[in-house]
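So this one's input_6.txt, compact mmCIF, C-alpha atoms:
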# COMPACT_ATOMS: atom_id res chain seq x y z
CA MET S 1 84.71 -10.67 151.19
CA LYS S 2 82.76 -7.54 150.21
CA LYS S 3 84.85 -7.14 147.07
CA ASN S 4 84.29 -10.76 146.01
CA TRP S 5 80.50 -10.89 146.31
CA TRP S 6 80.09 -10.92 142.53
CA LYS S 7 82.43 -13.90 142.22
CA ILE S 8 80.35 -15.85 144.73
CA LEU S 9 77.26 -14.81 142.78
CA THR S 10 78.89 -16.06 139.56
CA VAL S 11 79.55 -19.51 141.04
CA LEU S 12 76.02 -19.77 142.44
CA LEU S 13 74.44 -18.70 139.15
CA LEU S 14 76.48 -21.20 137.12
CA VAL S 15 75.79 -24.06 139.51
CA PHE S 16 72.10 -23.21 139.31
CA THR S 17 72.27 -22.97 135.52
CA VAL S 18 73.89 -26.38 135.09
CA VAL S 19 71.76 -28.22 137.66
CA ALA S 20 68.42 -26.59 136.81
CA GLY S 21 69.25 -26.58 133.12
CA MET S 22 69.64 -30.32 133.10
CA LEU S 23 66.95 -31.34 135.59
CA THR S 24 64.03 -28.91 135.41
CA GLU S 25 61.07 -29.57 133.16
CA VAL S 26 61.05 -27.84 129.76
CA PRO S 27 58.28 -27.27 127.19
CA ARG S 28 57.70 -30.20 124.85
CA LEU S 29 58.08 -28.48 121.50
CA ALA S 30 58.07 -30.16 118.10
CA ILE S 31 61.58 -30.81 116.68
CA LEU S 32 63.32 -29.05 119.59
CA ASN S 33 62.28 -31.52 122.31
CA GLU S 34 65.00 -31.82 124.97
CA THR S 35 67.52 -29.85 122.88
CA ILE S 36 65.84 -26.64 124.02
CA ARG S 37 67.99 -26.99 127.16
CA ASN S 38 70.85 -25.72 125.00
CA LEU S 39 69.13 -22.33 125.29
CA TYR S 40 70.83 -22.05 128.70
CA PHE S 41 74.30 -22.49 127.19
CA HIS S 42 74.37 -21.52 123.50
CA VAL S 43 72.52 -18.20 123.66
CA PRO S 44 74.22 -16.90 126.87
CA MET S 45 77.59 -17.54 125.21
CA TRP S 46 76.67 -15.06 122.48
CA PHE S 47 75.35 -12.53 125.00
CA GLY S 48 78.57 -12.90 126.96
CA MET S 49 80.70 -12.61 123.82
CA ILE S 50 79.04 -9.35 122.76
CA LEU S 51 79.33 -7.75 126.19
CA ILE S 52 82.94 -8.82 126.71
CA LEU S 53 83.95 -7.65 123.23
CA LEU S 54 82.21 -4.36 124.03
CA VAL S 55 84.43 -4.08 127.10
CA SER S 56 87.42 -4.69 124.82
CA VAL S 57 86.30 -1.88 122.48
CA VAL S 58 85.78 0.53 125.39
CA TYR S 59 89.34 -0.09 126.60
CA SER S 60 90.67 0.27 123.05
CA ILE S 61 89.02 3.69 122.86
CA LYS S 62 90.41 4.51 126.30
CA TYR S 63 93.87 3.51 125.07
CA LEU S 64 93.67 5.85 122.08
CA LYS S 65 92.73 8.67 124.47
CA ASN S 66 95.09 7.63 127.25
CA PRO S 67 97.79 5.22 125.98
CA THR S 68 98.57 3.22 129.12
CA VAL S 69 99.73 -0.37 129.31
CA LYS S 70 96.72 -1.29 131.46
CA ASN S 71 94.20 -0.09 128.86
CA ASP S 72 95.95 -2.08 126.13
CA ILE S 73 96.18 -5.24 128.23
CA VAL S 74 92.52 -5.18 129.28
CA ALA S 75 91.42 -4.58 125.67
CA HIS S 76 93.56 -7.50 124.47
CA GLU S 77 92.55 -9.94 127.21
CA ALA S 78 88.86 -9.07 126.84
CA ALA S 79 89.11 -9.68 123.09
CA LYS S 80 90.64 -13.12 123.68
CA VAL S 81 87.95 -14.09 126.18
CA GLY S 82 85.28 -12.78 123.82
CA ILE S 83 86.71 -14.94 121.05
CA LEU S 84 86.65 -17.96 123.39
CA PHE S 85 82.97 -17.35 124.12
CA GLY S 86 82.33 -16.98 120.39
CA VAL S 87 83.97 -20.33 119.67
CA LEU S 88 81.92 -21.96 122.44
CA GLY S 89 78.82 -20.32 120.99
CA ILE S 90 79.50 -21.78 117.55
CA VAL S 91 80.30 -25.25 118.94
CA THR S 92 77.15 -25.41 121.08
CA GLY S 93 75.17 -24.02 118.14
CA MET S 94 76.52 -26.69 115.80
CA GLU S 95 75.58 -29.39 118.28
CA TRP S 96 72.07 -27.94 118.52
CA ALA S 97 71.79 -27.67 114.74
CA ARG S 98 72.74 -31.32 114.33
CA PHE S 99 69.62 -32.45 116.18
CA THR S 100 67.15 -29.78 114.99
CA TRP S 101 68.28 -28.92 111.44
CA GLY S 102 69.81 -32.27 110.54
CA GLU S 103 73.45 -31.22 110.13
CA TYR S 104 76.17 -29.41 112.04
CA TRP S 105 76.58 -26.67 109.44
CA SER S 106 73.79 -25.69 107.04
CA ASN S 107 75.24 -22.41 105.72
CA ASP S 108 72.59 -20.51 107.63
CA PRO S 109 73.21 -16.73 107.31
CA LYS S 110 73.72 -16.35 111.05
CA GLN S 111 76.12 -19.29 111.19
CA ASN S 112 78.12 -17.82 108.33
CA GLY S 113 78.01 -14.34 109.86
CA ALA S 114 79.28 -15.66 113.18
CA ALA S 115 82.10 -17.55 111.46
CA ILE S 116 83.15 -14.46 109.49
CA GLY S 117 83.02 -12.36 112.65
CA LEU S 118 85.29 -14.78 114.48
CA LEU S 119 87.72 -14.81 111.56
CA ILE S 120 87.90 -11.03 111.78
CA TYR S 121 88.84 -11.34 115.44
CA PHE S 122 91.34 -14.10 114.76
CA ALA S 123 92.97 -11.63 112.36
CA TYR S 124 93.15 -9.21 115.31
CA LEU S 125 95.26 -11.72 117.23
CA VAL S 126 97.50 -12.27 114.21
CA LEU S 127 97.85 -8.51 113.76
CA ARG S 128 99.00 -8.03 117.35
CA SER S 129 101.62 -10.75 117.03
CA SER S 130 103.10 -9.11 113.91
CA PHE S 131 104.38 -6.03 115.77
CA ALA S 132 107.33 -6.10 118.13
CA GLU S 133 107.15 -2.52 119.40
CA GLN S 134 104.59 -2.22 122.20
CA GLN S 135 103.10 1.22 121.49
CA GLN S 136 102.76 0.60 117.76
CA ARG S 137 101.16 -2.80 118.40
CA ALA S 138 98.74 -1.38 120.95
CA ARG S 139 97.73 1.62 118.82
CA ILE S 140 97.10 -0.30 115.60
CA SER S 141 95.36 -3.12 117.47
CA ALA S 142 93.06 -0.63 119.21
CA VAL S 143 91.98 0.89 115.88
CA TYR S 144 91.45 -2.54 114.32
CA ASN S 145 89.50 -3.72 117.38
CA ILE S 146 87.00 -0.86 117.04
CA PHE S 147 86.36 -1.63 113.38
CA ALA S 148 86.14 -5.38 114.09
CA PHE S 149 83.33 -4.82 116.59
CA ALA S 150 81.58 -2.46 114.19
CA ALA S 151 81.67 -5.22 111.55
CA LEU S 152 80.52 -7.95 113.94
CA ILE S 153 77.21 -6.32 114.88
CA PRO S 154 75.78 -6.24 111.31
CA LEU S 155 77.06 -9.77 110.68
CA LEU S 156 75.14 -11.14 113.68
CA PHE S 157 72.08 -8.93 114.03
CA ILE S 158 71.32 -7.13 110.78
CA LEU S 159 72.29 -9.19 107.72
CA PRO S 160 70.63 -12.46 108.93
CA ARG S 161 67.32 -10.57 109.24
CA LEU S 162 67.45 -9.53 105.60
CA THR S 163 67.33 -13.06 104.20
CA ASP S 164 65.89 -16.49 104.98
CA SER S 165 67.31 -17.98 108.15
CA LEU S 166 66.66 -21.07 110.25
CA HIS S 167 67.54 -19.19 113.43
CA PRO S 168 64.60 -18.12 115.60
CA GLY S 169 63.88 -14.43 115.23
CA ASN S 170 65.74 -14.02 111.93
CA GLY S 171 64.68 -13.90 108.30
CA GLY S 172 60.98 -14.01 109.09
CA ASN S 173 61.43 -17.03 111.38
CA PRO S 174 59.60 -16.38 114.67
CA GLY S 175 61.59 -16.16 117.90
CA PHE S 176 61.20 -18.38 120.94
CA ASN S 177 58.61 -16.03 122.44
CA ALA S 178 56.29 -17.00 119.61
CA TYR S 179 56.65 -20.66 120.63
CA ASP S 180 56.85 -21.23 124.36
CA LEU S 181 59.53 -19.24 126.17
CA ASP S 182 57.52 -19.62 129.35
CA ASN S 183 58.45 -18.98 132.96
CA ARG S 184 60.13 -22.38 133.26
CA LEU S 185 62.67 -21.36 130.65
CA ARG S 186 63.00 -17.77 131.80
CA MET S 187 63.70 -18.92 135.37
CA VAL S 188 66.96 -20.51 134.18
CA PHE S 189 67.72 -18.51 131.04
CA TYR S 190 68.16 -15.07 132.62
CA PRO S 191 70.42 -16.31 135.45
CA ALA S 192 72.40 -18.23 132.81
CA VAL S 193 73.02 -15.09 130.77
CA LEU S 194 74.19 -13.22 133.87
CA GLY S 195 76.27 -16.12 135.17
CA TRP S 196 78.17 -16.83 131.94
CA THR S 197 78.79 -13.12 131.35
CA LEU S 198 80.13 -12.63 134.88
CA LEU S 199 82.38 -15.66 134.37
CA GLY S 200 83.83 -14.03 131.26
CA ILE S 201 84.44 -10.77 133.12
CA TRP S 202 86.08 -12.75 135.94
CA ILE S 203 88.44 -14.43 133.47
CA VAL S 204 89.29 -11.06 131.90
CA ASN S 205 90.00 -9.64 135.34
CA VAL S 206 92.34 -12.49 136.31
CA LYS S 207 94.17 -12.61 132.98
CA SER S 208 94.64 -8.81 132.91
CA ARG S 209 96.07 -8.77 136.43
CA LEU S 210 98.46 -11.62 135.59
CA GLU S 211 99.62 -9.89 132.42
CA LEU S 212 100.16 -6.59 134.25
CA LEU S 213 102.19 -8.45 136.89
CA ARG S 214 104.22 -10.14 134.17
CA GLN S 215 104.92 -6.77 132.56
CA ARG S 216 106.13 -5.29 135.84
CA ILE S 217 108.41 -8.27 136.52
CA TYR S 218 109.83 -8.00 133.00
CA GLU S 219 110.51 -4.27 133.45
CA ASN S 220 112.35 -4.88 136.72
CA VAL S 221 114.56 -7.65 135.40

Entire entry expressed as structure tokens:
Amino acid sequence: MKKNWWKILTVLLLVFTVVAGMLTEVPRLAILNETIRNLYFHVPMWFGMILILLVSVVYSIKYLKNPTVKNDIVAHEAAKVGILFGVLGIVTGMEWARFTWGEYWSNDPKQNGAAIGLLIYFAYLVLRSSFAEQQQRARISAVYNIFAFAALIPLLFILPRLTDSLHPGNGGNPGFNAYDLDNRLRMVFYPAVLGWTLLGIWIVNVKSRLELLRQRIYENV
């Protein structure tokens, strides 16, 4: 029970996020209106993606220093979960954009940067599948993973700030704090970020353990 406290916390945070996110009162802002509730889902997905991909990079670096099967598996599984969160982030963002910007995809710099970043990580998955030998696959994937993360950060956080952007806080467009990110939003937003991130880590943990078990069974056959 003591080891699983964070899993219980994850469930409680996500239940709170969904219930409070749908039922609590939100600021009545022009254009955004009720769509501001997507703040509890869209933005935490990106926070979770970045943190989980960072975990993947850390284990890729660990693999290059200490080439164990566990380090490679955790790096790979974390990358896949990070990609999943990225896809969910784009989908929830497109839905939000439809009601606030008038269309699902408006070629906004941050939208384009996110799409390019995900394509880079999709290439990571393709790269891994192109090698049959385990050590060669793990070593090359680890190097690629590090460079993929290094490319993702400018695509999401630097380049959109250098040009006009519809996203809050980018390209001279003020962030939510300049509007009305009041305590009503913060009360749900911060638990949402923690809850979705912990869920991603939980998935990585389960998938890594299953893959390690599969590897051991395969070696003993």

Coordinates-based distance that separates CA of Tyr190 (chain S) from CA of Leu119 (chain S) (Å, one decimal):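 Calculated distance between CA of Leu119 (chain S) and CA of Tyr190 (chain S) is 28.7 Å.
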
Atom-to-atom span, CA of Thr24 (chain S) and CA of His42 (chain S), Å: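 Pair CA of Thr24 (chain S) / CA of His42 (chain S) returns 17.4 Å.
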
Contacts of Met187 (chain S) within 12 Å, only C-alpha atoms, excl. fewer than 5 positions in-chain, as a list in words: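 In the requested form, the answer reads Leu13, Phe16, Thr17, Ala20, Gly21, Thr24, Glu25, Val26, Leu39, Tyr40, Leu181, Asp182, Ala192 and Val193 of chain S.
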
Straight-line distance linking CA of Pro191 (chain S) with CA of Leu14 (chain S), stated in Å to one decimal: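 Computed distance, CA of Pro191 (chain S) to CA of Leu14 (chain S), equals 8.0 Å.
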
Nearest-residue call for Lys7 (chain S), choices S:Val126, S:Ala142, S:Leu194, S:Leu162, using all atoms listed in the file: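 Closest candidate: S:Leu194.
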
Closest of S:Val87, S:Arg186, S:Lys62, S:Phe99 to Ala30 (chain S) - atom-to-atom distances counting all atoms listed in the file: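 Among the listed residues, the smallest separation from Ala30 (chain S) belongs to S:Phe99.
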
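The shell of residues at most 12 Å from Leu210 (chain S), with only C-alpha atoms counted and near chain neighbours (fewer than 5 positions) removed, consists of Lys70, Ile73, Val74, Glu77, Ile203, Val204, Asn205, Gln215, Arg216 and Ile217 of chain S.
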
Residues within 10 Å of Tyr144 (chain S), all atoms listed in the file, excluding chain neighbours under 5 positions, as a ChimeraX atom specification: /S:57,60,120-121,123-124,127-128,138-139,149-150

Best match for closeness to Leu51 (chain S) among S:Thr100, S:Val69, S:Leu88, S:Gly82, counting all atoms listed in the file: S:Gly82

Which residue of S:Asn107, S:Ser208, S:Ser56, S:Gln135 approaches Ser165 (chain S) most closely, using all atoms listed in the file: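 So, comparing all the options, the nearest one is S:Asn107.
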
Residue contacts of Gly86 (chain S) (7 Å, only C-alpha atoms) excluding same-chain residues fewer than 3 positions away, as a VMD selection string: chain S and resid 45 to 46 49 82 to 83 89 to 90 118

8 Å contact set for Pro109 (chain S), all atoms listed in the file, chain neighbours under 2 positions out, as a ChimeraX atom specification: /S:107,111-113,159-160,163-165

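The closest residue to Gly117 (chain S), picked from S:Asn145, S:Thr92, S:Asn220, S:Gln136 and counting all atoms listed in the file, is S:Asn145.
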
Nearest to Val206 (chain S) by atom-to-atom distance, counting only C-alpha atoms, from S:Ile116, S:Val81, S:Tyr59, S:Pro27: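 Distance minimum relative to Val206 (chain S) lands on S:Val81.
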